[in-house]
Amino acid sequence: GKRSLLPADEVQQVTTMCGHGMVGSKLTKAVMERVRRGKMTPEKGAHLLAQPCPCGIFNTNRCRAILEECQKKAG
(Lines give C-alpha, C1' and ligand atoms only; values in the text may rest on other atoms or scores of the structure.)
Protein backbone atom coordinates (compact mmCIF):
# COMPACT_ATOMS: atom_id res chain seq x y z
CA GLY A 1 0.00 0.00 0.00
CA LYS A 2 0.90 3.66 0.04
CA ARG A 3 3.17 4.25 3.01
CA SER A 4 2.77 7.99 2.50
CA LEU A 5 -0.75 7.72 3.94
CA LEU A 6 0.47 6.20 7.21
CA PRO A 7 1.25 8.31 10.29
CA ALA A 8 4.88 9.07 11.18
CA ASP A 9 6.98 6.21 12.57
CA GLU A 10 7.06 7.66 16.09
CA VAL A 11 3.25 7.82 16.08
CA GLN A 12 2.97 4.24 14.84
CA GLN A 13 5.32 3.06 17.58
CA VAL A 14 2.75 4.24 20.11
CA THR A 15 -0.48 3.32 18.35
CA THR A 16 0.59 -0.27 17.69
CA MET A 17 1.22 -0.96 21.38
CA CYS A 18 -2.48 -1.78 21.84
CA GLY A 19 -3.39 -5.19 20.47
CA HIS A 20 -6.87 -3.97 19.51
CA GLY A 21 -5.72 -0.76 17.78
CA MET A 22 -7.72 1.46 20.12
CA VAL A 23 -5.02 4.12 20.62
CA GLY A 24 -5.73 6.64 17.89
CA SER A 25 -3.11 8.44 15.85
CA LYS A 26 -4.79 11.85 16.32
CA LEU A 27 -4.71 11.48 20.10
CA THR A 28 -1.09 10.35 19.92
CA LYS A 29 -0.10 13.33 17.75
CA ALA A 30 -1.89 15.72 20.11
CA VAL A 31 -0.16 14.28 23.18
CA MET A 32 3.23 14.37 21.44
CA GLU A 33 2.70 18.02 20.57
CA ARG A 34 1.71 18.88 24.15
CA VAL A 35 4.82 17.12 25.45
CA ARG A 36 7.02 18.94 22.90
CA ARG A 37 5.62 22.29 24.02
CA GLY A 38 6.12 21.46 27.69
CA LYS A 39 2.38 21.52 28.45
CA MET A 40 2.41 17.87 29.59
CA THR A 41 5.00 15.56 31.11
CA PRO A 42 5.92 12.36 29.26
CA GLU A 43 4.61 10.33 32.22
CA LYS A 44 1.18 11.96 32.10
CA GLY A 45 1.11 11.62 28.33
CA ALA A 46 1.89 7.91 28.52
CA HIS A 47 -0.89 7.34 31.05
CA LEU A 48 -3.35 9.34 28.94
CA LEU A 49 -2.50 7.29 25.86
CA ALA A 50 -2.92 4.03 27.79
CA GLN A 51 -6.53 4.84 28.76
CA PRO A 52 -8.25 3.66 25.54
CA CYS A 53 -6.39 0.30 25.55
CA PRO A 54 -8.87 -2.40 26.68
CA CYS A 55 -6.39 -5.28 26.54
CA GLY A 56 -3.96 -3.79 29.08
CA ILE A 57 -0.79 -4.60 27.16
CA PHE A 58 0.02 -0.97 26.41
CA ASN A 59 3.56 -0.39 27.70
CA THR A 60 3.53 2.96 29.51
CA ASN A 61 7.28 2.83 30.19
CA ARG A 62 8.10 2.44 26.51
CA CYS A 63 5.58 5.13 25.61
CA ARG A 64 7.16 7.49 28.14
CA ALA A 65 10.58 6.86 26.57
CA ILE A 66 9.20 7.61 23.09
CA LEU A 67 7.61 10.83 24.36
CA GLU A 68 10.88 11.82 26.05
CA GLU A 69 12.68 11.36 22.73
CA CYS A 70 10.11 13.61 21.04
CA GLN A 71 10.69 16.19 23.76
CA LYS A 72 14.47 16.06 23.23
CA LYS A 73 14.07 16.52 19.47
CA ALA A 74 11.98 19.65 20.04
CA GLY A 75 14.41 21.11 22.59
# chains A, B, ... in the order shown; residues from 1 in each chain; ligands from 1
call {"tool": "residues_around", "arguments": {"residues": "Val23 (chain A)", "least_positions_apart": "3", "cutoff": "9 Å", "atoms": "only C-alpha atoms", "output": "count of residues only"}}
result
14
call {"tool": "select_by_dssp", "arguments": {"residues": "chain A", "states": "alpha helix (DSSP H)", "output": "PyMOL selection string"}}
result
chain A and resi 9-15+25-36+42-50+60-74
call {"tool": "closest_residue", "arguments": {"among": "A:Gly24, A:Gly19, A:Pro7, A:Gly45", "to": "Ile66 (chain A)", "atoms": "only C-alpha atoms"}}
result
A:Gly45
